[in-house]
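Peer 1: Here's a structure for you.
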Amino acid sequence: MTTSPRKKAAKEIIIDDQFCKGCNLCVEVCPRKVFSGSSKRSRAGYSMPQATDPGKCSVCFLCEMTCPDLAITVIEESP
Amino acid sequence: MEISVIHGNEACARGAIAAGCRFFAGYPITPASEVTEVMSRLLPRYRGVFLQMEDEIASICAILGAAWGGAKTCTATSGPGFTLMQEGIGWAAETDTPVVVINVMRGGPATGQPTSSSQQDVMQAKYGSHGDYEVIVLVPSSAQEAFDLTVKAFNLAEVYRNPVIVLTDEIVGHTREKVRIPDKVEIVERKKPASLPADYVPFRSAAEGLLDGMPAFNQGYGILVDGQLHDEFGGRAGHIPEISAAMVERICRKITDHADDLVDVEEWMLEDAEVAFVTFGSPARPALRAAKDARAQGIRAGFLKLRVLWPLPEKIIDRVGRQARRIIVPEMNMGKISREVERVVAGRAEVVSLPKLGGEVHTPAEILKSMINAH
Amino acid sequence: MLPLADKYLRKRTLPLIFCPGCGDGTVLNVFLRAVDDLGIFKDLSLVGGIGCSGWLPTYLQSDVLHVLHGRAIPFACGLKLTDPRRKVVVFTGDGDCVGIGGNHFIHAARRNIDLTVIMINNGIYGMTGGQVAPTTPLQGRTQTSPYGNLEPPFDVCELARSAGATYVARWTAAHPVQLLKTIKEGMEHPGFSFIEVMAQCPTQAGRYIEGTSNAAELLNLLKKRSVSLEQAKETPPEEMGGKYVVGKLHHLTGKREFTQAIYDNFPQEKSR
């Protein structure tokens, strides 16, 4: 009997407010539309995006790899 | 002890290798090419790396990289190439990088006189790059001095973590003379940092304004070497006035505060001299002859030869200016160091510039004649 | 803080100086992963030129040289040749690498010296305010081509390959996953590895050439303009204008590497 691959999920998606510059590339590259703009401000005053739909995350890490400020950390849910 | 008849260019290369140079990058240019050629033959026999790079800029940059790779390094060139290397020399001074640059002076400006001598680069040797910085400049006047002062240049580069220029000229470079090459010369090895990597502050002044050793890359020090003005850790600070000012002051005072230690002159009969020659490089030899001939004629002539030209030995020149009534400065340019002597002497003696252009060095008779005429 | 950043970056230099949405940051991000995956941190020697991309290596805790404009490659040669075990990586921009640095670039490629040169290409001189570059597209309006650029741009990968580079690849900042694999491959390749990364420059090239400073829009443009080698082969030349051929474009193994040649050829006889 074969089992289908376990569906990956994110335990936590952190955007570090000391580094985020609000470029919103994460919003753009995420294939699952996990991110969207928000009214939250980073420490430097940039309008930051937020991970508004973390449940949709497939843990592809595209946001984490793309972020030019290394501000995003995606923590995968352990099995 | 080896005794060979070799020209100054070969003597420079032999001096470099004796001093521990194991990386050379150069580019052909008359009248310096022989330094590069001799290095290409000798260095590989010592498992040293020889490179002929694509141009002089690549040459100076390669030796700077090699210095941080852990090697004692040098390059050799003449006027046009020396001009191209200035940015690299400035970078070396700004980053406390030890390198030796040999400039075999030829007639300038521009393409100039590739096969004839001059001393036209004496100010460029000190001020050639942009910005405030200091270099040490040594001036051989013979093939023996080409060997000795090249060894000294490498040692000074290590002590002061600075670029050091060996400023010879086409006559010294191409004249074959007897050179004594000892089996071993006194070498200053690169100082290792006293601190462990975690405590190492790469650009903080330690004792006597010098730095705490120099690690090579990939020894665990994780050092950031930046041509932009930086703080003691190497972090960029060009936007911070106080730190920027302090850094420039440190790299300059590292040399100027040691001006007395760096004095290297030869004196002859200056104690009672009425007329004194202040000389350096090739003209020093006919000048000494002229001084001796003058003495034979009853003129109280004295002679000072600078082997370290920069920093200028101001205290000694000042002393000469207080003793002699007249100072004559023979040089193969329009008259450059004579102005420096004038500045130091501040009117206490008459300073006579004896310039000579065209590519040939002064003759003893020419110098003696100028002395007698002026007398 | 992202664990990778915590592990490799100099904390006192953060946050990064790159503009919001700059492709340089993505390259740094990917490079850290490459270093971590390969486990070669202690052998790393990094050299940065002058320009925005030249700052990239200064953020890592490795030994770093931040050098003169256009001269990163000869400095890197000095580092590599003094110890063949070093993994020397050069970060340079398009102006730094093939403008002022062009001569050093082609000679290092000719020698096939074992360096990894990562050239981040934004088609403009960004740090100085947005002047025309040897890679600016024709017609591009910049601070020094206000009536439109009249000079055809370089195909730098083609230049690298024809000069003798033995590993040549191109990706964009919109391809971090592929770029990671390529950087690792390039660093492991014993020879001159050239990796071009087309990158968005929201502040200069974005505003002046593309007409937008929106990083997301610019990233999409990079993606849209990218074609694979296979696709390029099937596309008529007249439709290739403004497109970037991405992927591993050239990989030659077995050509003698320069550092090895030097060290293999020390003459046996010791001198006097």
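The chains in the structure tokens are called A, B, ... from first to last as shown; in each chain the residues are counted from 1, and the ligands are counted from 1 in the order shown.
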Quick check for you: according to DSSP on this backbone, which residues of stretch 73-301 of chain B are classed as alpha helix (DSSP H)? Reply as an MDAnalysis selection string.
Peer 2: chainID B and resid 79:84 86:94 122:127 143:160 170:174 241:256 284:296
Peer 1: Tell me which protein, DNA and RNA residues are within 12 Å of A:Ile15, counting only C-alpha atoms, leaving out same-chain ones fewer than 6 positions away, and put them as a PyMOL selection string.
Peer 2: (chain A and resi 21-22+24+26+35+40-43+48-52+63-64+67+69-75) or (chain C and resi 1-2)
Peer 1: Which of these residues is nearest to B:Arg326, using only C-alpha atoms: B:Ala125, B:Leu262, B:Leu312, B:Ala276?
Peer 2: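 Using only C-alpha atoms, B:Arg326 sits closest to B:Ala276.
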Peer 1: Using only C-alpha atoms and a cut-off of 8 Å, which residues of chain C sit close to chain B? Please list them as a count of residues only.
Peer 2: 37
Peer 1: Please, which residues of chain C lie no more than 9 Å from chain A when the count uses only C-alpha atoms, and can they be set out as an MDAnalysis selection string?
Peer 2: chainID C and resid 1:5 14:16 18:30 33 173:177 214:217 219:220
Peer 1: Mind listing the strand (DSSP E) residues of stretch 7-56 of chain A, per DSSP on the backbone, as a list in words?
Peer 2: Ala10, Lys11, Glu12, Ile13, Ile14, Ile15, Phe35, Ser36, Gly37, Ser38, Ser39, Lys40, Arg41, Ser47, Met48, Pro49, Gln50 and Ala51 of chain A
Peer 1: What separation in Å, quoted to one decimal, exists between atom CA of C:Tyr125 and atom CA of C:Gly51?
Peer 2: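 The value is 7.6 Å.
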Peer 1: I want to know what sits within 6 Å of C:Arg225, based on only C-alpha atoms, with residues of the same chain fewer than 3 positions away left out; could you give that as a list of chain:residue names?
Peer 2: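 The filter keeps C:Leu222, C:Lys243, C:Tyr244.
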Peer 1: Can you tell me how far atom CA of B:Phe280 sits from atom CA of B:Val345, in Å to one decimal?
Peer 2: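 Taking atom CA of B:Phe280 and atom CA of B:Val345, their separation equals 17.4 Å.
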Peer 1: Within 8 Å of B:Glu267, counting only C-alpha atoms, which residues show up once you throw out same-chain ones fewer than 3 positions away? Write them as a PyMOL selection string, please.
Peer 2: chain B and resi 270+302-305
Peer 1: Determine, counting only C-alpha atoms, which protein, DNA and RNA residues have an atom within 9 Å of an atom of stretch 155-166 of chain C; residues of the same chain fewer than 6 positions away are not included. Present the result as an MDAnalysis selection string.
Peer 2: chainID C and resid 94 98 105:113 135 189:196 249:253 255
